[in-house]
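Here's the structure we're looking at; comments come further down.
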Amino acid sequence: MHVRRDAENSATPTPTTPAASAAPTPKPTVAPPILDVHSVVATGRLVGSDSISGDVDVRVTGKGTFELRLIDFRSENAGEVELRVSPHVVPPGSECTTSIMTMSYGNLPAGMLQSFPLPKDFTHGDPSFLDTVIISHFDPVASQNGCYVPILSSAILTWTLPDMRPGLIVADTGKTGGATGDVTLMGTDPLAYTVARNDLAVEVAARFGITVTDLFYLNPIRTTHIRYPLLQTGEVLNLSKAHR
C-alpha cells in the first residue's frame with residue numbers, strides 16, 4: 001500500500017556523513033510482481049463540491065502501464081473544468097494548490113466512464129507516488145492572486161499496488177569522486193542525498209548500490225529525462241521507497 005509522506009508523523013531525520021564501507025554484495029535480481037490486466041490498484045471519490053460528483057480509479061493496462069479512470073462524472077459548473085493528477089496530498093475541501101507538479105489532461109466533458117493513460121516514462125512503471133486527483137478550472141481573479149490551480153473537487157487515492165521494485169535496497173558505501181554529498185538517515189537507513197558540486201548521477205547511484213534507473217524511479221517528479229541524468233548542486237534526492 002502506498003505510504004504517505006507525512007513529515008509530522010515521522011521522526012526528524014538528521015544529515016550525516018557516513019564513513020566509507022565495503023561495497024555491498026551484489027544483490028540478485030528480483031522480478032517485479034505480475035499484475036493482472038484490468039485489475040484496479042487505486043481508488044478515490046471526488047469530494048468538496050455539491051455540483052461535482054464521481055469516482056476515480058487506477059487500472060492496469062499492461063506490463064508497467066496503467067490508466068486513470070473517471071467514473072460517473074457529473075458537473076453542474078458553468079464553463080469548462082479540467083482533470084489534474086498530483087504527487088502531493090491535497091486535503092479535501094482545499095480551494096487552491098500552488099503545486100506545479102501536476103499533470104493536466106485538459107478539459108472534461110461529462111460522461112459515465114473516461115480513461116486517461118499514465119505514461120510509463122512518467123510513472124516508471126509504478127504510479128503509486130500520485131496522491132490526489134483534482135478537478136480544477138481557470139479563474140483569472142484567483143490566478144492574479146497567485147492561485148494557478150483553483151480546486152473545485154478532489155479525490156485522494158488509496159493504493160493497493162504491491163511493491164513494484166522488491167529487490168531495490170539502498171545502502172551507502174561512502175563518498176566517491178563523483179558522489180561527495182551528504183546523506184540524511186532515518187534511523188540507519190538512507191533517506192535522502194544532497195547533491196554536491198560535480199556529482200554524477202551514475203556515481204551517486206553506484207554509491208548506494210543501485211542503478212541510475214533506480215535513482216530516478218525513487219525520484220519520479222524530477223523533470224530531468226533519464227537519458228540526460230543531470231544533477232543540480234544542492235538538489236535533494238529521495239532514497240526511500242516509502243517516501244517516493
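Residue numbering restarts at 1 for every chain of the C-alpha cells, chains are lettered A, B, ... in their displayed order, and ligands are numbered from 1 as they appear.
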
Produce a table with one row for each residue of stretch 134-244 of chain A that has an atom at most 9 Å from any atom of stretch 54-63 of chain A, each row naming the nearest atom pair and its distance in Å at one decimal; use only C-alpha atoms; arrange rows by chain and rising residue number; format as a tab-separated table.
residue	atom	partner	partner_atom	distance
A:Ala155	CA	A:Val56	CA	7.5
A:Leu157	CA	A:Asp57	CA	7.7
A:Thr158	CA	A:Asp57	CA	9.0
A:Trp159	CA	A:Val58	CA	8.8

Selection from above, C-alpha atoms, as a tab-separated table (two decimals), in the first residue's frame, can you write it?
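Written file, result_4.tsv:
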chain	number	residue	atom	x	y	z
A	155	ALA	CA	-10.06	12.74	-4.60
A	157	LEU	CA	-6.10	7.98	-4.00
A	158	THR	CA	-5.95	4.88	-1.81
A	159	TRP	CA	-3.41	2.44	-3.24

Enumerate, as a ChimeraX atom specification, the complete set of residues in stretch 93-228 of chain A that a backbone-based DSSP assignment places in strand (DSSP E). /A:96-97,103-108,111-118,132-136,149-156,158-159,183-186,189-194

Kindly save the residues from that selection, with N, CA and C atoms included, as a tab-separated table (two decimals), in the first residue's frame.
chain	number	residue	atom	x	y	z
A	96	CYS	N	-7.40	25.69	-3.36
A	96	CYS	CA	-6.32	26.03	-4.29
A	96	CYS	C	-5.10	25.18	-3.98
A	97	THR	N	-4.30	24.92	-4.99
A	97	THR	CA	-2.97	24.37	-4.78
A	97	THR	C	-2.00	25.15	-5.65
A	103	MET	N	-0.10	17.01	-13.49
A	103	MET	CA	-0.14	16.53	-14.87
A	103	MET	C	-1.57	16.73	-15.37
A	104	SER	N	-1.76	17.65	-16.29
A	104	SER	CA	-3.09	18.03	-16.73
A	104	SER	C	-3.53	17.19	-17.91
A	105	TYR	N	-4.82	16.83	-17.93
A	105	TYR	CA	-5.38	16.06	-19.04
A	105	TYR	C	-6.33	16.89	-19.89
A	106	GLY	N	-6.46	18.19	-19.61
A	106	GLY	CA	-7.32	19.03	-20.43
A	106	GLY	C	-8.75	19.05	-19.96
A	107	ASN	N	-9.59	19.73	-20.73
A	107	ASN	CA	-10.98	19.95	-20.34
A	107	ASN	C	-11.81	18.67	-20.45
A	108	LEU	N	-12.78	18.56	-19.54
A	108	LEU	CA	-13.56	17.33	-19.39
A	108	LEU	C	-15.00	17.50	-19.83
A	111	GLY	N	-19.47	12.42	-18.43
A	111	GLY	CA	-19.51	11.11	-19.04
A	111	GLY	C	-19.51	10.01	-18.01
A	112	MET	N	-20.03	8.84	-18.39
A	112	MET	CA	-20.11	7.71	-17.48
A	112	MET	C	-18.72	7.16	-17.15
A	113	LEU	N	-17.85	7.06	-18.17
A	113	LEU	CA	-16.53	6.49	-17.96
A	113	LEU	C	-15.55	7.15	-18.92
A	114	GLN	N	-14.49	7.71	-18.35
A	114	GLN	CA	-13.45	8.33	-19.15
A	114	GLN	C	-12.10	7.79	-18.68
A	115	SER	N	-11.22	7.48	-19.64
A	115	SER	CA	-9.93	6.89	-19.32
A	115	SER	C	-8.80	7.78	-19.80
A	116	PHE	N	-7.73	7.84	-19.00
A	116	PHE	CA	-6.58	8.68	-19.32
A	116	PHE	C	-5.31	7.88	-19.04
A	117	PRO	N	-4.42	7.73	-20.03
A	117	PRO	CA	-3.22	6.93	-19.82
A	117	PRO	C	-2.26	7.59	-18.85
A	118	LEU	N	-1.58	6.77	-18.07
A	118	LEU	CA	-0.48	7.22	-17.22
A	118	LEU	C	0.80	6.73	-17.88
A	132	THR	N	-3.28	12.63	-5.41
A	132	THR	CA	-4.55	13.33	-5.49
A	132	THR	C	-4.98	13.57	-6.93
A	133	VAL	N	-6.25	13.30	-7.20
A	133	VAL	CA	-6.87	13.67	-8.47
A	133	VAL	C	-7.67	14.95	-8.22
A	134	ILE	N	-7.50	15.93	-9.11
A	134	ILE	CA	-8.09	17.26	-8.91
A	134	ILE	C	-8.96	17.64	-10.10
A	135	ILE	N	-10.13	18.17	-9.81
A	135	ILE	CA	-10.96	18.82	-10.83
A	135	ILE	C	-10.81	20.32	-10.61
A	136	SER	N	-10.28	21.01	-11.61
A	136	SER	CA	-10.00	22.44	-11.47
A	136	SER	C	-10.64	23.22	-12.61
A	149	VAL	N	-4.04	26.91	-9.70
A	149	VAL	CA	-4.87	25.71	-9.84
A	149	VAL	C	-6.03	25.80	-8.84
A	150	PRO	N	-7.08	26.57	-9.16
A	150	PRO	CA	-8.26	26.60	-8.28
A	150	PRO	C	-8.95	25.24	-8.29
A	151	ILE	N	-9.29	24.75	-7.11
A	151	ILE	CA	-9.84	23.40	-6.98
A	151	ILE	C	-11.34	23.46	-6.81
A	152	LEU	N	-12.04	22.71	-7.64
A	152	LEU	CA	-13.48	22.54	-7.48
A	152	LEU	C	-13.80	21.29	-6.69
A	153	SER	N	-13.03	20.23	-6.92
A	153	SER	CA	-13.26	18.95	-6.25
A	153	SER	C	-11.97	18.15	-6.32
A	154	SER	N	-11.79	17.22	-5.39
A	154	SER	CA	-10.57	16.41	-5.39
A	154	SER	C	-10.84	15.04	-4.80
A	155	ALA	N	-9.96	14.11	-5.12
A	155	ALA	CA	-10.06	12.74	-4.60
A	155	ALA	C	-8.67	12.27	-4.22
A	156	ILE	N	-8.49	11.88	-2.98
A	156	ILE	CA	-7.23	11.29	-2.54
A	156	ILE	C	-7.24	9.81	-2.90
A	158	THR	N	-6.35	5.95	-2.73
A	158	THR	CA	-5.95	4.88	-1.81
A	158	THR	C	-5.39	3.74	-2.64
A	159	TRP	N	-4.13	3.40	-2.39
A	159	TRP	CA	-3.41	2.44	-3.24
A	159	TRP	C	-3.38	1.04	-2.64
A	183	VAL	N	24.39	12.54	3.28
A	183	VAL	CA	23.25	11.64	3.33
A	183	VAL	C	22.42	11.94	4.58
A	184	THR	N	21.12	11.96	4.42
A	184	THR	CA	20.20	12.08	5.55
A	184	THR	C	19.68	10.69	5.88
A	185	LEU	N	19.77	10.32	7.15
A	185	LEU	CA	19.35	9.00	7.58
A	185	LEU	C	18.03	9.06	8.34
A	186	MET	N	17.27	7.99	8.23
A	186	MET	CA	16.11	7.75	9.08
A	186	MET	C	16.46	6.50	9.87
A	189	ASP	N	18.82	3.90	7.99
A	189	ASP	CA	18.53	3.76	6.56
A	189	ASP	C	18.70	5.09	5.83
A	190	PRO	N	19.35	5.09	4.66
A	190	PRO	CA	19.46	6.31	3.87
A	190	PRO	C	18.08	6.81	3.47
A	191	LEU	N	17.80	8.08	3.75
A	191	LEU	CA	16.51	8.67	3.42
A	191	LEU	C	16.62	9.64	2.25
A	192	ALA	N	17.70	10.43	2.22
A	192	ALA	CA	17.85	11.44	1.17
A	192	ALA	C	19.33	11.74	0.97
A	193	TYR	N	19.63	12.28	-0.19
A	193	TYR	CA	21.01	12.63	-0.55
A	193	TYR	C	21.02	14.05	-1.11
A	194	THR	N	21.93	14.88	-0.60
A	194	THR	CA	22.08	16.24	-1.10
A	194	THR	C	23.22	16.29	-2.10

What is the distance between atom CA of A:Leu83 and atom CA of A:Tyr217, in Å to one decimal?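 A separation of 24.4 Å between them.
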
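Counting from atom CA of A:Glu67, the distance to atom CA of A:Cys147 is 28.0 Å.
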
Please measure the separation of atom CA of A:Ile169 and atom CA of A:Ser39, giving the value in Å to one decimal. 27.1 Å

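Every protein or nucleic acid residue with an atom no more than 8 Å from stretch 178-182 of chain A, counting only C-alpha atoms and leaving out same-chain residues fewer than 2 positions away, appears here: A:Pro15, A:Thr16, A:Thr17, A:Lys175, A:Thr176, A:Thr184, A:Tyr193, A:Thr194, A:Val195, A:Ala196, A:Asn198, A:Asp199, A:Leu200, A:Glu203, A:Val204, A:Arg207.
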
Next, write the just-selected residues to a file, as an mmCIF file, in the first residue's frame, keeping C-alpha atoms as the atom set.
data_model
loop_
_atom_site.group_PDB
_atom_site.id
_atom_site.type_symbol
_atom_site.label_atom_id
_atom_site.label_comp_id
_atom_site.auth_asym_id
_atom_site.auth_seq_id
_atom_site.Cartn_x
_atom_site.Cartn_y
_atom_site.Cartn_z
ATOM 1 C CA PRO A 15 22.080 14.616 7.858
ATOM 2 C CA THR A 16 25.171 12.504 8.315
ATOM 3 C CA THR A 17 28.422 11.805 6.575
ATOM 4 C CA LYS A 175 31.798 9.031 -0.696
ATOM 5 C CA THR A 176 33.445 8.666 -4.081
ATOM 6 C CA THR A 184 20.204 12.081 5.550
ATOM 7 C CA TYR A 193 21.009 12.630 -0.553
ATOM 8 C CA THR A 194 22.078 16.241 -1.099
ATOM 9 C CA VAL A 195 23.887 16.659 -4.407
ATOM 10 C CA ALA A 196 27.364 18.175 -4.160
ATOM 11 C CA ASN A 198 30.494 17.917 -9.696
ATOM 12 C CA ASP A 199 28.427 14.925 -8.592
ATOM 13 C CA LEU A 200 27.486 12.482 -11.345
ATOM 14 C CA GLU A 203 28.348 7.598 -9.319
ATOM 15 C CA VAL A 204 25.653 8.696 -6.886
ATOM 16 C CA ARG A 207 27.446 4.779 -4.093
#
